[in-house]
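Raw contents of entry_27.txt, compact mmCIF, C-alpha atoms:
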# COMPACT_ATOMS: atom_id res chain seq x y z
CA MET A 110 176.54 -86.81 -76.58
CA THR A 111 173.15 -87.13 -78.34
CA ALA A 112 170.38 -84.51 -78.33
CA TYR A 113 168.29 -86.79 -76.10
CA GLU A 114 171.13 -87.24 -73.60
CA ASP A 115 171.65 -83.47 -73.58
CA LEU A 116 167.99 -83.00 -72.74
CA LEU A 117 168.06 -85.60 -69.93
CA GLY A 118 171.19 -84.04 -68.42
CA GLN A 119 169.66 -80.59 -68.50
CA ALA A 120 166.42 -81.87 -66.91
CA HIS A 121 168.50 -83.23 -64.04
CA ASP A 122 170.36 -79.91 -63.78
CA VAL A 123 167.08 -78.01 -63.23
CA GLY A 124 166.58 -79.71 -59.87
CA ARG A 125 170.21 -79.53 -58.79
CA THR A 126 171.38 -76.08 -59.77
CA ALA A 127 171.10 -72.87 -57.77
CA ASN A 128 170.15 -71.10 -61.00
CA PRO A 129 167.14 -73.04 -62.36
CA GLU A 130 166.27 -70.23 -64.80
CA ALA A 131 169.40 -70.77 -66.89
CA ALA A 132 169.00 -74.58 -66.66
CA LEU A 133 165.36 -74.33 -67.76
CA ARG A 134 166.32 -72.16 -70.71
CA ARG A 135 169.03 -74.64 -71.77
CA MET A 136 166.50 -77.46 -71.45
CA GLN A 137 163.99 -75.55 -73.55
CA GLU A 138 166.62 -74.93 -76.25
CA SER A 139 167.48 -78.64 -76.34
CA MET A 140 163.81 -79.61 -76.48
CA ARG A 141 163.28 -77.15 -79.34
CA ALA A 142 166.33 -78.54 -81.20
CA LEU A 143 164.92 -82.05 -80.82
CA THR A 144 161.41 -81.13 -81.99
CA ASP A 145 162.86 -79.03 -84.86
CA ARG A 146 164.76 -82.10 -85.98
CA ILE A 147 161.61 -84.23 -85.97
CA GLU A 148 159.69 -81.40 -87.69
CA ALA A 149 162.37 -81.28 -90.42
CA VAL A 150 161.81 -84.98 -91.13
CA ARG A 151 158.02 -84.54 -91.07
CA SER A 152 158.17 -81.83 -93.75
CA ALA A 153 160.81 -83.59 -95.89
CA GLU A 154 159.71 -85.54 -98.97
CA PHE A 155 160.49 -89.20 -99.69
CA SER A 156 159.96 -91.04 -102.97
CA GLY A 157 159.61 -94.67 -103.94
CA GLY A 158 158.90 -96.57 -107.12
CA ASP A 159 156.93 -99.65 -108.10
CA GLY A 160 160.03 -101.54 -109.21
CA SER A 161 159.43 -101.18 -112.93
CA GLY A 162 160.21 -97.47 -112.87
CA THR A 163 156.86 -96.51 -114.37
CA VAL A 164 155.11 -95.29 -111.21
CA THR A 165 156.71 -93.10 -108.53
CA ALA A 166 155.04 -91.90 -105.34
CA THR A 167 156.12 -89.05 -103.08
CA VAL A 168 155.13 -88.74 -99.41
CA THR A 169 156.00 -86.24 -96.70
CA GLY A 170 157.71 -87.23 -93.47
CA ASP A 171 154.35 -87.69 -91.73
CA GLY A 172 153.29 -90.20 -94.39
CA THR A 173 150.93 -87.90 -96.31
CA LEU A 174 150.75 -88.84 -99.98
CA ARG A 175 151.68 -85.77 -102.07
CA ARG A 176 152.15 -87.03 -105.63
CA VAL A 177 151.82 -90.13 -107.76
CA ASP A 178 153.68 -89.84 -111.05
CA ILE A 179 152.43 -92.35 -113.58
CA SER A 180 154.54 -92.41 -116.72
CA ALA A 181 152.94 -92.27 -120.15
CA ARG A 182 154.55 -95.66 -120.77
CA ALA A 183 152.67 -97.16 -117.81
CA ILE A 184 149.37 -95.94 -119.24
CA ARG A 185 150.29 -97.41 -122.61
CA ASP A 186 151.82 -100.73 -121.49
CA LEU A 187 150.08 -101.71 -118.25
CA PRO A 188 146.51 -103.03 -118.22
CA ALA A 189 144.11 -101.17 -115.91
CA GLU A 190 144.14 -104.03 -113.39
CA ALA A 191 147.94 -103.77 -113.05
CA LEU A 192 148.06 -99.98 -112.67
CA GLY A 193 146.42 -99.94 -109.24
CA PRO A 194 148.81 -102.47 -107.65
CA ALA A 195 151.74 -100.57 -109.23
CA CYS A 196 150.54 -97.39 -107.49
CA VAL A 197 150.16 -99.27 -104.17
CA ALA A 198 153.72 -100.64 -104.50
CA ALA A 199 155.08 -97.15 -105.20
CA VAL A 200 153.27 -95.61 -102.19
CA GLN A 201 154.50 -98.42 -99.92
CA ALA A 202 158.08 -97.96 -101.19
CA ALA A 203 157.89 -94.21 -100.54
CA ARG A 204 156.56 -94.78 -97.01
CA ALA A 205 159.33 -97.33 -96.36
CA GLN A 206 161.86 -94.65 -97.36
CA MET A 207 160.13 -92.24 -95.00
CA ALA A 208 160.25 -94.73 -92.11
CA GLU A 209 163.95 -95.31 -92.75
CA GLY A 210 164.61 -91.55 -92.73
CA LEU A 211 162.66 -91.10 -89.51
CA GLN A 212 164.43 -94.03 -87.85
CA GLN A 213 167.81 -92.59 -88.85
CA GLN A 214 166.94 -89.22 -87.32
CA LEU A 215 165.69 -90.86 -84.11
CA THR A 216 168.81 -93.04 -83.93
CA ASP A 217 170.99 -89.93 -84.29
CA ALA A 218 168.98 -88.12 -81.61
CA LEU A 219 168.75 -91.02 -79.13
CA GLY A 220 172.15 -92.58 -79.79
CA ARG A 221 170.50 -95.95 -80.47
CA PRO A 222 167.67 -97.26 -82.68
CA PRO A 223 164.20 -96.54 -81.25
CA GLU A 224 162.57 -99.55 -79.56
CA THR A 225 159.99 -101.32 -81.66
CA GLY A 226 158.25 -104.66 -81.60
CA THR A 227 155.24 -106.36 -80.17
CA ASP A 228 157.01 -107.75 -77.11
CA LEU A 229 156.82 -104.38 -75.37
CA PRO A 230 154.24 -104.24 -72.56
CA PRO A 231 151.00 -102.38 -73.37
CA VAL A 232 151.32 -98.65 -72.70
CA SER A 233 148.31 -98.64 -70.39
CA ALA A 234 149.80 -101.40 -68.21
CA THR A 235 153.06 -99.48 -67.88
CA VAL A 236 151.27 -96.22 -67.07
CA ARG A 237 148.90 -97.90 -64.60
CA GLN A 238 151.86 -99.51 -62.85
CA GLY A 239 153.58 -96.13 -62.65
CA MET A 240 150.45 -94.45 -61.28
CA ALA A 241 149.97 -97.21 -58.69
CA GLU A 242 153.57 -96.82 -57.54
CA GLY A 243 153.08 -93.02 -57.38
CA ALA A 244 149.87 -93.43 -55.35
CA ARG A 245 151.70 -95.72 -52.87
CA GLN A 246 154.37 -93.07 -52.37
CA TRP A 247 151.70 -90.39 -51.79
CA SER A 248 149.73 -92.42 -49.25
CA MET B 180 146.40 -80.78 -56.69
CA GLU B 181 144.08 -82.50 -54.20
CA LEU B 182 144.09 -86.28 -53.91
CA SER B 183 140.47 -86.56 -55.15
CA ALA B 184 141.30 -84.53 -58.25
CA LEU B 185 144.40 -86.65 -58.80
CA SER B 186 142.29 -89.79 -58.49
CA GLY B 187 139.80 -88.40 -61.05
CA LEU B 188 142.64 -87.64 -63.44
CA GLN B 189 143.98 -91.16 -62.95
CA GLU B 190 140.57 -92.62 -63.88
CA GLN B 191 140.38 -90.39 -66.98
CA ILE B 192 143.86 -91.47 -68.09
CA SER B 193 142.97 -95.15 -67.55
CA ALA B 194 139.74 -94.75 -69.57
CA ALA B 195 141.56 -92.91 -72.38
CA LEU B 196 144.28 -95.56 -72.56
CA ALA B 197 141.74 -98.40 -72.56
CA ALA B 198 139.79 -96.73 -75.41
CA ALA B 199 142.97 -96.03 -77.39
CA GLU B 200 144.13 -99.64 -76.97
CA ALA B 201 140.76 -101.02 -78.01
CA TYR B 202 140.82 -98.77 -81.07
CA SER B 203 144.40 -99.74 -81.99
CA ARG B 204 143.45 -103.44 -81.75
CA GLU B 205 140.43 -103.03 -84.03
CA ALA B 206 141.79 -100.39 -86.44
CA PRO B 207 143.87 -102.70 -88.68
CA ALA B 208 140.79 -104.82 -89.44
CA ARG B 209 138.58 -101.86 -90.42
CA GLU B 210 138.54 -100.65 -94.02
CA TYR B 211 137.72 -97.22 -95.44
CA THR B 212 137.15 -96.36 -99.09
CA GLY B 213 137.77 -93.18 -101.05
CA THR B 214 137.02 -92.44 -104.68
CA ALA B 215 138.02 -89.88 -107.30
CA ALA B 216 137.51 -89.13 -111.00
CA ASP B 217 133.77 -89.85 -110.85
CA GLY B 218 134.35 -93.18 -109.14
CA MET B 219 136.84 -94.42 -111.72
CA VAL B 220 139.60 -94.58 -109.10
CA THR B 221 139.01 -96.25 -105.74
CA ALA B 222 141.42 -96.57 -102.82
CA VAL B 223 141.00 -98.70 -99.69
CA VAL B 224 142.93 -98.05 -96.48
CA SER B 225 142.80 -99.76 -93.10
CA GLY B 226 142.02 -97.96 -89.86
CA ALA B 227 145.77 -98.08 -89.22
CA ARG B 228 146.28 -96.01 -92.44
CA GLU B 229 147.74 -98.96 -94.32
CA LEU B 230 147.04 -98.63 -98.04
CA ARG B 231 145.32 -101.89 -98.95
CA SER B 232 144.42 -101.44 -102.61
CA ILE B 233 143.92 -99.03 -105.49
CA ASP B 234 141.49 -99.93 -108.22
CA ILE B 235 141.68 -98.09 -111.53
CA HIS B 236 138.73 -98.67 -113.82
CA VAL B 237 139.49 -99.52 -117.41
CA LEU B 238 137.68 -96.32 -118.48
CA ALA B 239 140.07 -94.18 -116.40
CA ARG B 240 143.02 -95.54 -118.34
CA ARG B 241 141.28 -94.62 -121.59
CA ARG B 242 139.84 -91.23 -120.61
CA LEU B 243 142.50 -89.72 -118.33
CA ASP B 244 146.03 -88.72 -119.22
CA ASN B 245 148.85 -89.96 -117.00
CA ILE B 246 149.13 -86.72 -114.99
CA THR B 247 145.41 -86.49 -114.27
CA LEU B 248 145.30 -90.17 -113.37
CA GLY B 249 148.15 -89.67 -110.87
CA GLU B 250 146.25 -86.77 -109.29
CA ALA B 251 143.10 -88.91 -109.11
CA VAL B 252 145.02 -91.68 -107.33
CA VAL B 253 146.27 -89.16 -104.73
CA ALA B 254 142.74 -87.77 -104.29
CA ALA B 255 141.26 -91.25 -103.79
CA VAL B 256 143.91 -92.24 -101.22
CA LEU B 257 143.50 -88.96 -99.30
CA ALA B 258 139.70 -89.37 -99.33
CA ALA B 259 140.01 -92.89 -97.90
CA GLU B 260 142.44 -91.66 -95.23
CA GLN B 261 140.04 -88.85 -94.37
CA GLN B 262 137.31 -91.46 -93.83
CA ALA B 263 139.66 -93.31 -91.47
CA SER B 264 140.49 -90.09 -89.59
CA ASP B 265 136.82 -89.17 -89.27
CA ALA B 266 136.07 -92.62 -87.86
CA GLN B 267 138.94 -92.28 -85.39
CA ARG B 268 137.68 -88.87 -84.24
CA ALA B 269 134.15 -90.26 -83.84
CA LEU B 270 135.40 -93.16 -81.72
CA LEU B 271 137.84 -91.18 -79.57
CA GLY B 272 136.11 -87.78 -79.75
CA GLY B 273 134.37 -87.93 -76.39
CA ILE B 274 137.44 -88.81 -74.37
CA GLU B 275 139.01 -86.07 -72.27
CA VAL B 276 141.92 -86.03 -69.85
CA GLY B 277 142.23 -83.09 -67.50
CA GLY B 278 139.78 -81.05 -69.60
CA ARG B 279 141.77 -81.59 -72.85
CA ARG B 280 140.38 -83.72 -75.67
CA VAL B 281 142.47 -86.73 -76.70
CA VAL B 282 141.74 -86.07 -80.41
CA ASP B 283 143.21 -82.55 -80.04
CA PHE B 284 146.40 -84.14 -78.71
CA LEU B 285 146.49 -86.52 -81.71
CA ASP B 286 146.02 -83.57 -84.10
CA ASP B 287 148.74 -81.41 -82.59
CA PRO B 288 150.88 -83.01 -79.86
CA ARG B 289 153.21 -80.01 -79.76
CA SER B 290 150.42 -77.75 -78.54
CA PHE B 291 150.43 -79.75 -75.29
CA VAL B 292 154.10 -79.01 -74.58
CA PRO B 293 154.26 -76.02 -72.23
CA ASP B 294 156.19 -73.05 -73.57
CA LEU B 295 158.67 -71.88 -70.94
CA GLU B 296 159.22 -68.59 -72.76
CA GLY B 297 158.26 -65.86 -70.32
CA PHE B 298 158.10 -68.33 -67.45
CA TYR B 299 160.62 -66.13 -65.65
CA PRO B 300 160.16 -62.35 -65.74
So, in terms of structure tokens, how does the structure I just supplied come out?
Amino acid sequence: MTAYEDLLGQAHDVGRTANPEAALRRMQESMRALTDRIEAVRSAEFSGGDGSGTVTATVTGDGTLRRVDISARAIRDLPAEALGPACVAAVQAARAQMAEGLQQQLTDALGRPPETGTDLPPVSATVRQGMAEGARQWS
Amino acid sequence: MELSALSGLQEQISAALAAAEAYSREAPAREYTGTAADGMVTAVVSGARELRSIDIHVLARRRLDNITLGEAVVAAVLAAEQQASDAQRALLGGIEVGGRRVVDFLDDPRSFVPDLEGFYP
């Protein structure tokens, strides 16, 4: 069972059990385990290179750029106009590594890859629909 | 919660979502620039934090060693991203839902998760 499924099961238990205190505490522990896992990825470091091995970038799990290591050889061999694109390529490679790490953690936690893509309905439309349905039930 | 308060909250959520969607549509087309090393290194990012370009002046390659140049690249990128963040805060800064500012949620989503510790005596 995944961490997310644990959390869902415990959320259901809160409303069904005669002892909601214990169920709430279990749910809180699961929620903390899940957020700790995401926090661990956010503080981890991921590196990527420009392909030639002369520039390496390092980012944290939230995408923040921490370091760009430009080799002495890059300074010597690359013209100034090629150095910038090499740095961009290294940063993009590092962020791709970060995204892969984050996706792996989410897949482990959810038991399936997180949904992505542009075919998902806009968030506001989904929320508005939910609120309208809720309002109908209240009235 | 009374129905009128609930209705007010619903309107605030709708307004916040509409503003966030409008911003997310426009953000990729916006560009923000940061510089370092006396303007010898320039980075450009989009409003969606995508790194578009890094320009290293020919003088930077001559005057800076490789370690200092790497640090200047980081500084320029972070400065450009700060510009993007400032613009985002300016555009979304006035939006509140239930008395909480949307930008505060973006800064620290975990602070909005209630802590159940001490919920029961």
Distance-based interface of chain A with chain B, 7 Å, counting all atoms listed in the file, as an mmCIF file with C-alpha atoms, in the frame of the given file:
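Once everything was written out, this is out_6.cif:
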data_model
loop_
_atom_site.group_PDB
_atom_site.id
_atom_site.type_symbol
_atom_site.label_atom_id
_atom_site.label_comp_id
_atom_site.auth_asym_id
_atom_site.auth_seq_id
_atom_site.Cartn_x
_atom_site.Cartn_y
_atom_site.Cartn_z
ATOM 1 C CA GLN A 137 163.990 -75.550 -73.550
ATOM 2 C CA LEU A 174 150.750 -88.840 -99.980
ATOM 3 C CA ARG A 175 151.680 -85.770 -102.070
ATOM 4 C CA ARG A 176 152.150 -87.030 -105.630
ATOM 5 C CA VAL A 177 151.820 -90.130 -107.760
ATOM 6 C CA ASP A 178 153.680 -89.840 -111.050
ATOM 7 C CA ILE A 179 152.430 -92.350 -113.580
ATOM 8 C CA SER A 180 154.540 -92.410 -116.720
ATOM 9 C CA ALA A 181 152.940 -92.270 -120.150
ATOM 10 C CA ILE A 184 149.370 -95.940 -119.240
ATOM 11 C CA ALA A 189 144.110 -101.170 -115.910
ATOM 12 C CA GLU A 190 144.140 -104.030 -113.390
ATOM 13 C CA LEU A 192 148.060 -99.980 -112.670
ATOM 14 C CA GLY A 193 146.420 -99.940 -109.240
ATOM 15 C CA PRO A 194 148.810 -102.470 -107.650
ATOM 16 C CA VAL A 197 150.160 -99.270 -104.170
ATOM 17 C CA SER A 233 148.310 -98.640 -70.390
#
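The space between CA of Thr163 (chain A) and CA of Arg242 (chain B) spans 18.9 Å.
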- request: In Å, rounded to a single decimal, give me how far CA of Ala203 (chain A) is from CA of Asp145 (chain A).
  value: 22.4 Å
message: Ranking A:Glu209, A:Asp186, A:Glu154, A:Asp122 by minimum distance to Ala166 (chain A) and counting only C-alpha atoms, which one comes first?
response: A:Glu154
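These residues, each with an atom at most 10 Å from (159.1, -99.1, -108.4) using only C-alpha atoms, are A:Ser156, A:Gly157, A:Gly158, A:Asp159, A:Gly160, A:Ser161, A:Gly162, A:Thr163, A:Val164, A:Thr165, A:Ala166, A:Ala195, A:Cys196, A:Val197, A:Ala198, A:Ala199, A:Val200, A:Gln201, A:Ala202, A:Ala203.
The coordinates place CA of Val224 (chain B) at 23.5 Å from CA of Gln212 (chain A).
Every protein or nucleic acid residue with an atom no more than 12 Å from Leu270 (chain B), counting all atoms listed in the file and leaving out same-chain residues fewer than 6 positions away, appears here: Ala195, Ala198, Ala199, Glu200, Ala201, Tyr202, Ser203, Glu205, Ala206, Gly226, Ala263, Ser264, Val281 and Val282 of chain B.
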Identify, on the basis of only C-alpha atoms, every residue whose closest approach to Ala153 (chain A) does not exceed 7 Å; exclude the query and any residue fewer than 3 positions from it along the same chain; express the result as a short mmCIF file (atom, residue, chain, number, x, y, z; two decimals) with C-alpha atoms, keeping the file's coordinate frame.
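Ended up saving to result05.cif:
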data_model
loop_
_atom_site.label_atom_id
_atom_site.label_comp_id
_atom_site.auth_asym_id
_atom_site.auth_seq_id
_atom_site.Cartn_x
_atom_site.Cartn_y
_atom_site.Cartn_z
CA ALA A 149 162.37 -81.28 -90.42
CA VAL A 150 161.81 -84.98 -91.13
CA THR A 169 156.00 -86.24 -96.70
CA GLY A 170 157.71 -87.23 -93.47
#
